[in-house]
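With mmCIF, C-alpha atoms and all ligand atoms inside, this is structure_11.cif:
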```cif
data_start
#
loop_
_atom_site.label_atom_id
_atom_site.label_comp_id
_atom_site.auth_asym_id
_atom_site.auth_seq_id
_atom_site.Cartn_x
_atom_site.Cartn_y
_atom_site.Cartn_z
CA MET H 1 -89.10 27.47 4.76
CA SER H 2 -87.42 24.09 4.50
CA VAL H 3 -85.16 22.94 7.28
CA ALA H 4 -81.53 22.28 6.43
CA LEU H 5 -80.55 18.65 6.82
CA LEU H 6 -76.89 19.45 6.31
CA LYS H 7 -75.14 22.72 6.83
CA THR H 8 -71.44 23.48 6.64
CA GLU H 9 -70.08 26.55 8.39
CA ARG H 10 -66.88 27.94 6.92
CA LEU H 11 -65.61 24.47 6.28
CA SER H 12 -61.95 24.41 5.29
CA VAL H 13 -59.58 21.64 4.26
CA ALA H 14 -55.82 22.00 3.86
CA TYR H 15 -53.19 19.56 2.64
CA GLY H 16 -50.12 21.09 4.23
CA ARG H 17 -49.99 24.55 2.74
CA VAL H 18 -52.44 23.76 -0.06
CA GLU H 19 -55.88 25.06 0.89
CA ALA H 20 -58.20 22.75 -1.00
CA VAL H 21 -61.43 24.11 0.52
CA ARG H 22 -61.77 27.61 1.95
CA GLU H 23 -64.58 28.52 4.29
CA ALA H 24 -67.27 26.75 2.33
CA CYS H 25 -70.83 27.35 3.52
CA ILE H 26 -73.37 25.07 1.91
CA GLU H 27 -76.84 23.91 2.91
CA ILE H 28 -78.91 20.96 1.86
CA PRO H 29 -82.61 21.09 2.63
CA ALA H 30 -84.33 17.89 3.72
CA GLY H 31 -85.46 16.08 0.58
CA GLY H 32 -83.48 18.34 -1.73
CA VAL H 33 -80.97 17.65 -4.46
CA VAL H 34 -78.02 20.03 -4.31
CA THR H 35 -75.08 20.01 -6.67
CA VAL H 36 -71.58 21.41 -6.40
CA ILE H 37 -70.06 21.92 -9.81
CA GLY H 38 -66.52 22.94 -10.60
CA ALA H 39 -63.45 22.14 -12.65
CA ASN H 40 -60.80 19.53 -11.87
CA GLY H 41 -59.08 20.32 -8.62
CA ALA H 42 -61.66 22.90 -7.47
CA GLY H 43 -61.95 21.11 -4.12
CA LYS H 44 -65.22 19.23 -4.60
CA THR H 45 -63.96 15.82 -3.46
CA SER H 46 -62.19 17.37 -0.48
CA LEU H 47 -65.45 19.05 0.54
CA LEU H 48 -67.37 15.75 0.48
CA ASN H 49 -64.61 13.92 2.32
CA ALA H 50 -64.58 16.58 5.02
CA VAL H 51 -68.37 16.30 5.47
CA MET H 52 -68.04 12.52 5.71
CA GLY H 53 -65.24 12.85 8.25
CA VAL H 54 -62.66 10.99 6.16
CA LEU H 55 -60.54 14.13 6.02
CA PRO H 56 -59.68 16.49 8.85
CA SER H 57 -61.20 19.94 8.44
CA SER H 58 -61.81 23.16 10.29
CA GLY H 59 -65.07 25.03 10.58
CA GLY H 60 -68.30 23.20 11.29
CA VAL H 61 -70.68 20.61 9.90
CA GLU H 62 -74.22 20.36 11.22
CA PHE H 63 -76.45 17.42 10.40
CA ASP H 64 -80.09 17.51 11.35
CA GLY H 65 -79.43 20.44 13.68
CA ARG H 66 -76.55 18.77 15.52
CA ALA H 67 -72.87 19.65 15.21
CA LEU H 68 -70.89 16.64 14.02
CA GLY H 69 -67.72 18.00 15.63
CA ALA H 70 -65.01 15.38 15.55
CA LYS H 71 -67.38 12.42 15.17
CA PRO H 72 -65.69 9.52 13.39
CA VAL H 73 -66.96 8.20 10.05
CA GLU H 74 -68.90 5.27 11.62
CA GLU H 75 -70.96 7.65 13.73
CA ARG H 76 -71.66 9.83 10.72
CA VAL H 77 -72.84 6.74 8.86
CA ALA H 78 -75.06 5.82 11.80
CA ALA H 79 -76.49 9.36 11.80
CA GLY H 80 -77.51 8.91 8.16
CA LEU H 81 -74.66 10.18 6.01
CA SER H 82 -73.37 8.11 3.12
CA LEU H 83 -70.68 8.81 0.55
CA VAL H 84 -70.25 7.09 -2.81
CA PRO H 85 -66.63 7.95 -3.56
CA GLU H 86 -65.29 8.78 -6.99
CA LYS H 87 -63.30 5.53 -7.06
CA ARG H 88 -66.43 3.58 -6.00
CA GLU H 89 -64.30 1.49 -3.59
CA LEU H 90 -66.00 -1.84 -4.05
CA PHE H 91 -64.65 -5.14 -2.82
CA ALA H 92 -63.40 -6.45 -6.15
CA VAL H 93 -63.10 -10.14 -5.30
CA MET H 94 -66.48 -10.28 -3.56
CA SER H 95 -69.74 -10.86 -5.40
CA VAL H 96 -72.20 -8.10 -6.20
CA GLU H 97 -74.59 -9.43 -3.57
CA ASP H 98 -71.95 -9.64 -0.85
CA ASN H 99 -70.94 -6.04 -1.59
CA LEU H 100 -74.58 -5.05 -1.19
CA ARG H 101 -74.95 -7.01 2.05
CA LEU H 102 -72.02 -5.08 3.52
CA GLY H 103 -73.93 -1.86 2.96
CA ALA H 104 -76.61 -2.95 5.45
CA TYR H 105 -74.35 -5.02 7.70
CA ARG H 106 -74.88 -2.80 10.76
CA LEU H 107 -78.69 -2.93 10.34
CA GLY H 108 -79.13 -6.70 10.67
CA ALA H 109 -80.63 -9.58 8.69
CA GLY H 110 -84.11 -8.13 8.18
CA ALA H 111 -82.76 -4.91 6.70
CA ILE H 112 -80.40 -6.88 4.47
CA ARG H 113 -83.33 -8.91 3.08
CA THR H 114 -85.60 -5.94 2.37
CA GLY H 115 -82.64 -3.88 1.19
CA LEU H 116 -81.65 -6.52 -1.36
CA ALA H 117 -85.21 -6.77 -2.68
CA GLU H 118 -85.44 -2.98 -3.04
CA THR H 119 -82.01 -2.70 -4.61
CA TYR H 120 -82.72 -5.38 -7.19
CA ALA H 121 -86.03 -3.72 -8.03
CA ARG H 122 -84.23 -0.42 -8.58
CA PHE H 123 -81.22 -1.91 -10.39
CA PRO H 124 -82.38 -5.01 -12.29
CA ARG H 125 -78.88 -5.26 -13.78
CA LEU H 126 -77.46 -5.94 -10.34
CA ARG H 127 -79.91 -8.80 -9.83
CA GLU H 128 -78.73 -10.37 -13.09
CA ARG H 129 -75.14 -10.02 -11.97
CA ARG H 130 -75.56 -10.81 -8.30
CA GLY H 131 -73.13 -13.72 -8.29
CA GLN H 132 -70.50 -11.95 -10.36
CA LYS H 133 -67.34 -10.55 -8.78
CA ALA H 134 -67.54 -6.77 -8.39
CA GLY H 135 -64.11 -6.37 -10.00
CA THR H 136 -65.42 -7.73 -13.29
CA LEU H 137 -68.35 -5.31 -13.67
CA SER H 138 -68.48 -2.57 -16.30
CA GLY H 139 -68.03 1.05 -15.23
CA GLY H 140 -71.76 1.75 -15.23
CA GLU H 141 -72.53 -1.43 -13.29
CA ARG H 142 -69.85 -0.55 -10.76
CA GLN H 143 -71.45 2.85 -10.23
CA MET H 144 -74.85 1.20 -9.78
CA LEU H 145 -73.38 -1.22 -7.27
CA ALA H 146 -71.69 1.60 -5.34
CA MET H 147 -74.98 3.52 -5.21
CA GLY H 148 -76.94 0.38 -4.33
CA ARG H 149 -74.54 -0.46 -1.53
CA ALA H 150 -74.82 3.06 -0.11
CA LEU H 151 -78.63 2.91 -0.27
CA MET H 152 -78.66 -0.46 1.54
CA GLY H 153 -77.58 1.50 4.62
CA ARG H 154 -80.77 3.63 4.41
CA PRO H 155 -78.98 6.99 4.41
CA ARG H 156 -80.79 10.27 4.90
CA LEU H 157 -78.15 12.09 2.87
CA LEU H 158 -76.51 10.43 -0.09
CA MET H 159 -73.34 12.13 -1.31
CA LEU H 160 -72.28 11.20 -4.83
CA ASP H 161 -68.80 12.09 -6.03
CA GLU H 162 -68.77 12.33 -9.82
CA PRO H 163 -71.16 9.45 -10.51
CA SER H 164 -70.84 10.07 -14.26
CA LEU H 165 -67.05 9.94 -14.36
CA GLY H 166 -65.75 7.76 -17.17
CA LEU H 167 -69.17 6.53 -18.26
CA ALA H 168 -70.67 6.52 -21.76
CA PRO H 169 -73.41 9.12 -22.34
CA ARG H 170 -76.17 6.50 -22.39
CA ILE H 171 -75.07 5.15 -19.01
CA VAL H 172 -74.71 8.67 -17.62
CA LYS H 173 -78.37 9.21 -18.54
CA GLU H 174 -79.33 6.02 -16.77
CA ILE H 175 -77.42 6.98 -13.61
CA PHE H 176 -78.97 10.45 -13.54
CA ALA H 177 -82.44 9.00 -14.06
CA ILE H 178 -81.85 6.86 -10.98
CA VAL H 179 -80.74 9.92 -9.02
CA SER H 180 -84.02 11.64 -9.98
CA GLU H 181 -86.00 8.60 -8.86
CA LEU H 182 -84.18 8.58 -5.55
CA LYS H 183 -85.22 12.16 -4.98
CA ALA H 184 -88.82 10.99 -5.07
CA THR H 185 -88.11 8.56 -2.22
CA GLY H 186 -87.20 11.46 0.06
CA VAL H 187 -83.47 10.87 0.38
CA SER H 188 -81.52 14.12 0.22
CA ILE H 189 -78.70 14.21 -2.30
CA LEU H 190 -75.45 16.11 -2.55
CA LEU H 191 -74.10 15.62 -6.03
CA VAL H 192 -70.59 16.65 -7.01
CA GLU H 193 -70.03 16.75 -10.74
CA GLN H 194 -67.86 18.00 -13.54
CA ASN H 195 -70.73 17.19 -15.89
CA ALA H 196 -72.37 20.50 -15.02
CA ARG H 197 -75.10 20.27 -17.62
CA ALA H 198 -76.50 16.98 -16.32
CA ALA H 199 -76.08 18.02 -12.68
CA LEU H 200 -77.89 21.34 -13.14
CA GLU H 201 -80.76 19.53 -14.84
CA ILE H 202 -81.63 17.40 -11.86
CA ALA H 203 -80.61 19.59 -8.93
CA ASP H 204 -82.83 22.08 -7.12
CA TRP H 205 -79.97 24.24 -5.92
CA ALA H 206 -76.39 24.58 -7.13
CA TYR H 207 -73.05 25.87 -5.92
CA VAL H 208 -70.10 26.68 -8.14
CA MET H 209 -66.68 25.97 -6.68
CA GLU H 210 -63.46 27.51 -7.97
CA LEU H 211 -60.02 27.11 -6.40
CA GLY H 212 -61.48 25.91 -3.12
CA GLU H 213 -64.11 28.59 -2.75
CA ILE H 214 -67.83 28.69 -3.34
CA VAL H 215 -68.07 31.54 -5.82
CA MET H 216 -71.72 31.34 -6.89
CA GLN H 217 -74.96 29.75 -5.78
CA GLY H 218 -78.59 29.78 -6.75
CA PRO H 219 -81.48 27.71 -8.05
CA ALA H 220 -79.97 25.20 -10.47
CA ALA H 221 -82.24 26.34 -13.31
CA ASP H 222 -81.02 29.92 -12.89
CA LEU H 223 -77.36 28.92 -12.89
CA ALA H 224 -77.92 26.86 -16.03
CA ASN H 225 -78.92 30.12 -17.74
CA ASP H 226 -76.24 32.28 -16.18
CA LYS H 227 -73.79 33.75 -18.68
CA ARG H 228 -70.69 33.05 -16.56
CA VAL H 229 -71.75 29.48 -15.85
CA ILE H 230 -72.51 28.87 -19.52
CA GLU H 231 -69.14 30.24 -20.58
CA SER H 232 -67.10 28.39 -17.97
CA TYR H 233 -68.98 25.14 -17.47
CA LEU H 234 -71.52 24.60 -20.22
CA GLY H 235 -69.31 25.82 -23.08
CA LEU H 236 -70.18 25.21 -26.69
CA GLY H 237 -67.94 22.20 -27.13
CA ARG H 238 -69.88 20.23 -24.50
CA HIS H 239 -73.09 18.49 -25.35
P1 LIG E 1 -61.49 16.45 -9.35
O1 LIG E 1 -62.74 16.84 -10.06
O2 LIG E 1 -60.29 16.43 -10.23
O3 LIG E 1 -61.63 15.25 -8.49
P2 LIG E 1 -61.93 18.17 -7.09
O4 LIG E 1 -62.69 19.41 -7.37
O5 LIG E 1 -62.64 17.04 -6.49
O6 LIG E 1 -61.18 17.70 -8.39
P3 LIG E 1 -60.01 17.86 -4.97
O7 LIG E 1 -59.72 16.47 -5.33
O8 LIG E 1 -60.78 18.12 -3.74
O9 LIG E 1 -60.71 18.62 -6.18
O10 LIG E 1 -58.63 18.66 -4.88
C1 LIG E 1 -58.53 20.02 -4.49
C2 LIG E 1 -57.07 20.44 -4.42
O11 LIG E 1 -56.42 19.75 -3.36
C3 LIG E 1 -56.27 20.14 -5.68
O12 LIG E 1 -55.39 21.21 -5.89
C4 LIG E 1 -55.51 18.87 -5.33
O13 LIG E 1 -54.30 18.79 -6.01
C5 LIG E 1 -55.29 19.03 -3.84
N1 LIG E 1 -55.22 17.74 -3.17
C6 LIG E 1 -56.18 16.78 -3.16
N2 LIG E 1 -55.80 15.71 -2.43
C7 LIG E 1 -54.57 16.00 -1.97
C8 LIG E 1 -53.62 15.31 -1.15
N3 LIG E 1 -53.89 14.09 -0.63
N4 LIG E 1 -52.45 15.92 -0.90
C9 LIG E 1 -52.17 17.14 -1.38
N5 LIG E 1 -53.00 17.86 -2.15
C10 LIG E 1 -54.18 17.29 -2.44
#
```

Show this structure as structure tokens.
Amino acid sequence: MSVALLKTERLSVAYGRVEAVREACIEIPAGGVVTVIGANGAGKTSLLNAVMGVLPSSGGVEFDGRALGAKPVEERVAAGLSLVPEKRELFAVMSVEDNLRLGAYRLGAGAIRTGLAETYARFPRLRERRGQKAGTLSGGERQMLAMGRALMGRPRLLMLDEPSLGLAPRIVKEIFAIVSELKATGVSILLVEQNARAALEIADWAYVMELGEIVMQGPAADLANDKRVIESYLGLGRH
């Protein structure tokens, strides 16, 4: 049996009286790729933000067997959690390389050097654009930079919030190929997506979220063949 790297226990998030996440229990095994799929507003982003500690929540989050309790974001980062937010949140007026450096800032000069070499090997496009301001990158390049910056910090769990959002199909393919490659390096991945088809293809395990609740879970390949999932999330109009 694989050990859970991350486990949420009845995790709930509320914005005033709006309950965005209700008692969500999810698990991510070490080295696994887990996806949470769901429609707009299902609560996926709120779930990630609660795990990262950017949003207050109730219930529990355990990472590597330890309760995170009220630990602030910086301590969660130091423990090995990393979130690539939906809005990417890059420093627009800084260069690609300086954005990357910031990702390994707390690890020191040696880690920055090796991190940059690894990042440029993984994302040759970022090497080409290393002097360019982040704010002038294309959508796909921005996503690569956001992922590269997160990986510079050597996370054990990489959380990706809608990495395919707003990208052309060809770029989406490229981003998902990179996610598959990352899996081979042993980093665990929690992928939140509206592009259910692509997410179910690369994940090992999947959760379906509706109106703040986890309503289904199972091996991703099984969910991809499930009648309800096909009807609601993989409908005919979507290719
Ligand atoms: P999307 O795919 O559109 O990003 P999501 O599944 O990530 O959706 P959330 O962004 O987590 O969903 O939103 C869940 C619910 O919480 C929605 O009903 C949303 O309107 C509400 N919500 C999110 N942020 C806030 C906020 N700051 N204040 C009030 N309500 C919010």

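The closest residue to H:Ala203, picked from H:Leu11, H:Val33, H:Ala4, H:Ile230 and counting all atoms listed in the file, is H:Val33.
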
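Every protein or nucleic acid residue with an atom no more than 8 Å from stretch 212-219 of chain H, counting all atoms listed in the file and leaving out same-chain residues fewer than 4 positions away, appears here: Glu19, Ala20, Val21, Arg22, Glu23, Ala24, Cys25, Ala42, Gly43, Lys44, Asp204, Trp205, Ala206, Tyr207, Val208 and Leu223 of chain H.
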
Taking only C-alpha atoms and all ligand atoms into account, name the residue in H:Leu137, H:Leu5, H:Ala39, H:Met144 that is nearest to ligand LIG 1 (chain E).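 Distance minimum relative to ligand LIG 1 (chain E) lands on H:Ala39.
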
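For the residues H:Ala146, H:Ala70, H:Ala117, H:Leu191, ranking by smallest atom-to-atom distance to H:Val54 using all atoms listed in the file places H:Ala70 first.
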
Show me a table, sorted first by chain and then by increasing residue number, of the residues of chain H having an atom at most 12 Å from ligand LIG 1 (chain E), each with its shortest atom pair and the distance in Å to one decimal, counting only C-alpha atoms and all ligand atoms and written as a tab-separated table.
```
residue	atom	partner	partner_atom	distance
H:Ser12	CA	E:LIG1	O8	11.1
H:Val13	CA	E:LIG1	O11	8.5
H:Ala14	CA	E:LIG1	O11	7.6
H:Tyr15	CA	E:LIG1	C9	4.8
H:Gly16	CA	E:LIG1	C9	7.2
H:Arg17	CA	E:LIG1	C9	8.8
H:Val18	CA	E:LIG1	N5	6.3
H:Glu19	CA	E:LIG1	O11	6.8
H:Ala20	CA	E:LIG1	O11	4.2
H:Val21	CA	E:LIG1	C1	7.1
H:Arg22	CA	E:LIG1	C1	10.5
H:Val36	CA	E:LIG1	O4	9.2
H:Ile37	CA	E:LIG1	O4	8.2
H:Gly38	CA	E:LIG1	O4	6.1
H:Ala39	CA	E:LIG1	O1	5.9
H:Asn40	CA	E:LIG1	O2	3.5
H:Gly41	CA	E:LIG1	O6	3.4
H:Ala42	CA	E:LIG1	O4	3.6
H:Gly43	CA	E:LIG1	O8	3.2
H:Lys44	CA	E:LIG1	O4	3.8
H:Thr45	CA	E:LIG1	O5	3.5
H:Ser46	CA	E:LIG1	O8	3.6
H:Leu47	CA	E:LIG1	O8	6.4
H:Leu48	CA	E:LIG1	O8	8.2
H:Asn49	CA	E:LIG1	O8	8.3
H:Ala50	CA	E:LIG1	O8	9.7
H:Val54	CA	E:LIG1	N3	11.5
H:Leu55	CA	E:LIG1	N3	9.4
H:Pro56	CA	E:LIG1	N3	11.4
H:Pro85	CA	E:LIG1	O3	10.1
H:Glu86	CA	E:LIG1	O3	7.6
H:Lys87	CA	E:LIG1	O3	10.0
H:Leu160	CA	E:LIG1	O5	11.4
H:Asp161	CA	E:LIG1	O5	7.9
H:Glu162	CA	E:LIG1	O1	7.5
H:Pro163	CA	E:LIG1	O1	11.2
H:Ser164	CA	E:LIG1	O1	11.4
H:Leu165	CA	E:LIG1	O1	9.2
H:Gly166	CA	E:LIG1	O1	11.9
H:Leu191	CA	E:LIG1	O5	11.6
H:Val192	CA	E:LIG1	O5	8.0
H:Glu193	CA	E:LIG1	O1	7.3
H:Gln194	CA	E:LIG1	O1	6.3
H:Asn195	CA	E:LIG1	O1	9.9
H:Ala196	CA	E:LIG1	O1	11.4
H:Val208	CA	E:LIG1	O4	10.4
H:Met209	CA	E:LIG1	O4	7.7
H:Glu210	CA	E:LIG1	O4	8.2
H:Leu211	CA	E:LIG1	C1	7.5
H:Gly212	CA	E:LIG1	C1	6.7
H:Glu213	CA	E:LIG1	C1	10.4
H:Ile214	CA	E:LIG1	O4	11.3
```

Report the distance between atom CA of H:Glu9 and atom CA of H:Leu182 in Å, rounded to one decimal place.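 According to the coordinates, atom CA of H:Glu9 and atom CA of H:Leu182 are separated by 26.8 Å.
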
What does the structure give for the distance between atom CA of H:Glu128 and atom CA of H:Glu97, in Å to one decimal? 10.4 Å

Using all atoms listed in the file, collect all residues at a distance of at most 10 Å from (-64.7, -8.1, -1.5) as written in the file, then present them as a ChimeraX atom specification. /H:89-96,98-99,102,133-135

Suppose we keep C-alpha atoms; can you now write the selection as a PDB file, keeping the file's coordinate frame?
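This is the output file selection-v5.pdb:
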```pdb
ATOM      1  CA  GLU H  89     -64.300   1.490  -3.590  1.00  0.00           C
ATOM      2  CA  LEU H  90     -66.000  -1.840  -4.050  1.00  0.00           C
ATOM      3  CA  PHE H  91     -64.650  -5.140  -2.820  1.00  0.00           C
ATOM      4  CA  ALA H  92     -63.400  -6.450  -6.150  1.00  0.00           C
ATOM      5  CA  VAL H  93     -63.100 -10.140  -5.300  1.00  0.00           C
ATOM      6  CA  MET H  94     -66.480 -10.280  -3.560  1.00  0.00           C
ATOM      7  CA  SER H  95     -69.740 -10.860  -5.400  1.00  0.00           C
ATOM      8  CA  VAL H  96     -72.200  -8.100  -6.200  1.00  0.00           C
ATOM      9  CA  ASP H  98     -71.950  -9.640  -0.850  1.00  0.00           C
ATOM     10  CA  ASN H  99     -70.940  -6.040  -1.590  1.00  0.00           C
ATOM     11  CA  LEU H 102     -72.020  -5.080   3.520  1.00  0.00           C
ATOM     12  CA  LYS H 133     -67.340 -10.550  -8.780  1.00  0.00           C
ATOM     13  CA  ALA H 134     -67.540  -6.770  -8.390  1.00  0.00           C
ATOM     14  CA  GLY H 135     -64.110  -6.370 -10.000  1.00  0.00           C
TER      15      GLY H 135
END
```

May I have the residues within 7 Å of H:Ser188 as a list in words, using only C-alpha atoms and disregarding those fewer than 2 positions away in the same chain? Ala30, Gly31, Gly32, Val33, Arg156, Leu157, Leu158, Lys183, Gly186 and Leu190 of chain H

Okay, now the selection with C-alpha atoms, as a PDB file, in the coordinates of the input?
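The resulting file, again05.pdb, is reproduced below:
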```
ATOM      1  CA  ALA H  30     -84.330  17.890   3.720  1.00  0.00           C
ATOM      2  CA  GLY H  31     -85.460  16.080   0.580  1.00  0.00           C
ATOM      3  CA  GLY H  32     -83.480  18.340  -1.730  1.00  0.00           C
ATOM      4  CA  VAL H  33     -80.970  17.650  -4.460  1.00  0.00           C
ATOM      5  CA  ARG H 156     -80.790  10.270   4.900  1.00  0.00           C
ATOM      6  CA  LEU H 157     -78.150  12.090   2.870  1.00  0.00           C
ATOM      7  CA  LEU H 158     -76.510  10.430  -0.090  1.00  0.00           C
ATOM      8  CA  LYS H 183     -85.220  12.160  -4.980  1.00  0.00           C
ATOM      9  CA  GLY H 186     -87.200  11.460   0.060  1.00  0.00           C
ATOM     10  CA  LEU H 190     -75.450  16.110  -2.550  1.00  0.00           C
TER      11      LEU H 190
END
```

Please tell me which residues are no farther than 6 Å from (-77.1, 21.1, 3.1) in the file, counting only C-alpha atoms, and write them as a count of residues only. 8

For atom CA of H:Leu83 and atom CA of H:Ala150, the interatomic separation in Å (one decimal):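 So the answer is 7.1 Å.
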
With all atoms listed in the file as the basis for distance, which of H:Lys173, H:Pro155, H:Asp222, H:Gly115 is at the shortest distance from H:Ala198? H:Lys173

With distances taken over only C-alpha atoms, which residue among H:Val61, H:Leu100, H:Val51, H:Ala177 lies nearest H:Gly131?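 Closest to H:Gly131, using only C-alpha atoms: H:Leu100.
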
For H:Gln143, the nearest of the candidates H:Ala221, H:Ala78, H:Leu116, H:Ile175, counting all atoms listed in the file: H:Ile175

Nearby residues (all atoms listed in the file) at most 10 Å from H:Arg76, same-chain spacing under 4 positions excluded, as a PDB file with C-alpha atoms, keeping the file's coordinate frame:
```pdb
ATOM      1  CA  VAL H  51     -68.370  16.300   5.470  1.00  0.00           C
ATOM      2  CA  MET H  52     -68.040  12.520   5.710  1.00  0.00           C
ATOM      3  CA  GLY H  53     -65.240  12.850   8.250  1.00  0.00           C
ATOM      4  CA  PHE H  63     -76.450  17.420  10.400  1.00  0.00           C
ATOM      5  CA  LEU H  68     -70.890  16.640  14.020  1.00  0.00           C
ATOM      6  CA  ALA H  70     -65.010  15.380  15.550  1.00  0.00           C
ATOM      7  CA  LYS H  71     -67.380  12.420  15.170  1.00  0.00           C
ATOM      8  CA  PRO H  72     -65.690   9.520  13.390  1.00  0.00           C
ATOM      9  CA  GLY H  80     -77.510   8.910   8.160  1.00  0.00           C
ATOM     10  CA  LEU H  81     -74.660  10.180   6.010  1.00  0.00           C
ATOM     11  CA  SER H  82     -73.370   8.110   3.120  1.00  0.00           C
TER      12      SER H  82
END
```

Build an axis-aligned box that encloses every atom of stretch 190-199 of chain H listed in the file, pad it by 6 Å on each side, and report its centre and edge lengths in Å to one decimal, as JSON.
```
{"center_x": -72.2, "center_y": 18.1, "center_z": -10.1, "size_x": 20.6, "size_y": 16.9, "size_z": 27.1}
```

Can I get stretch 51-66 of chain H with N, CA, C and O atoms filled in, as a short mmCIF file (atom, residue, chain, number, x, y, z; two decimals), in the frame of the given file?
```cif
data_model
loop_
_atom_site.label_atom_id
_atom_site.label_comp_id
_atom_site.auth_asym_id
_atom_site.auth_seq_id
_atom_site.Cartn_x
_atom_site.Cartn_y
_atom_site.Cartn_z
N VAL H 51 -67.02 16.49 4.91
CA VAL H 51 -68.37 16.30 5.47
C VAL H 51 -68.51 14.88 6.02
O VAL H 51 -69.07 14.65 7.09
N MET H 52 -67.94 13.92 5.30
CA MET H 52 -68.04 12.52 5.71
C MET H 52 -67.13 12.20 6.89
O MET H 52 -67.29 11.18 7.55
N GLY H 53 -66.16 13.08 7.14
CA GLY H 53 -65.24 12.85 8.25
C GLY H 53 -64.05 11.99 7.87
O GLY H 53 -63.34 11.49 8.74
N VAL H 54 -63.84 11.77 6.58
CA VAL H 54 -62.66 10.99 6.16
C VAL H 54 -61.43 11.88 6.07
O VAL H 54 -60.33 11.38 5.97
N LEU H 55 -61.65 13.18 6.09
CA LEU H 55 -60.54 14.13 6.02
C LEU H 55 -60.68 15.11 7.18
O LEU H 55 -61.79 15.54 7.47
N PRO H 56 -59.58 15.46 7.81
CA PRO H 56 -59.68 16.49 8.85
C PRO H 56 -60.02 17.85 8.24
O PRO H 56 -59.62 18.14 7.11
N SER H 57 -60.79 18.64 8.97
CA SER H 57 -61.20 19.94 8.44
C SER H 57 -61.36 20.91 9.59
O SER H 57 -61.39 20.51 10.75
N SER H 58 -61.47 22.19 9.27
CA SER H 58 -61.81 23.16 10.29
C SER H 58 -63.12 23.82 9.89
O SER H 58 -63.57 23.68 8.75
N GLY H 59 -63.73 24.51 10.83
CA GLY H 59 -65.07 25.03 10.58
C GLY H 59 -66.07 24.00 11.08
O GLY H 59 -65.69 23.07 11.80
N GLY H 60 -67.32 24.12 10.72
CA GLY H 60 -68.30 23.20 11.29
C GLY H 60 -69.17 22.49 10.28
O GLY H 60 -69.34 22.95 9.14
N VAL H 61 -69.69 21.33 10.69
CA VAL H 61 -70.68 20.61 9.90
C VAL H 61 -71.84 20.28 10.84
O VAL H 61 -71.63 19.69 11.90
N GLU H 62 -73.03 20.68 10.45
CA GLU H 62 -74.22 20.36 11.22
C GLU H 62 -75.08 19.42 10.42
O GLU H 62 -75.33 19.66 9.24
N PHE H 63 -75.54 18.35 11.08
CA PHE H 63 -76.45 17.42 10.40
C PHE H 63 -77.70 17.30 11.24
O PHE H 63 -77.61 17.01 12.43
N ASP H 64 -78.82 17.58 10.63
CA ASP H 64 -80.09 17.51 11.35
C ASP H 64 -80.07 18.35 12.63
O ASP H 64 -80.54 17.92 13.68
N GLY H 65 -79.45 19.52 12.54
CA GLY H 65 -79.43 20.44 13.68
C GLY H 65 -78.37 20.16 14.73
O GLY H 65 -78.26 20.87 15.71
N ARG H 66 -77.58 19.09 14.53
CA ARG H 66 -76.55 18.77 15.52
C ARG H 66 -75.15 18.90 14.91
O ARG H 66 -74.92 18.44 13.80
#
```
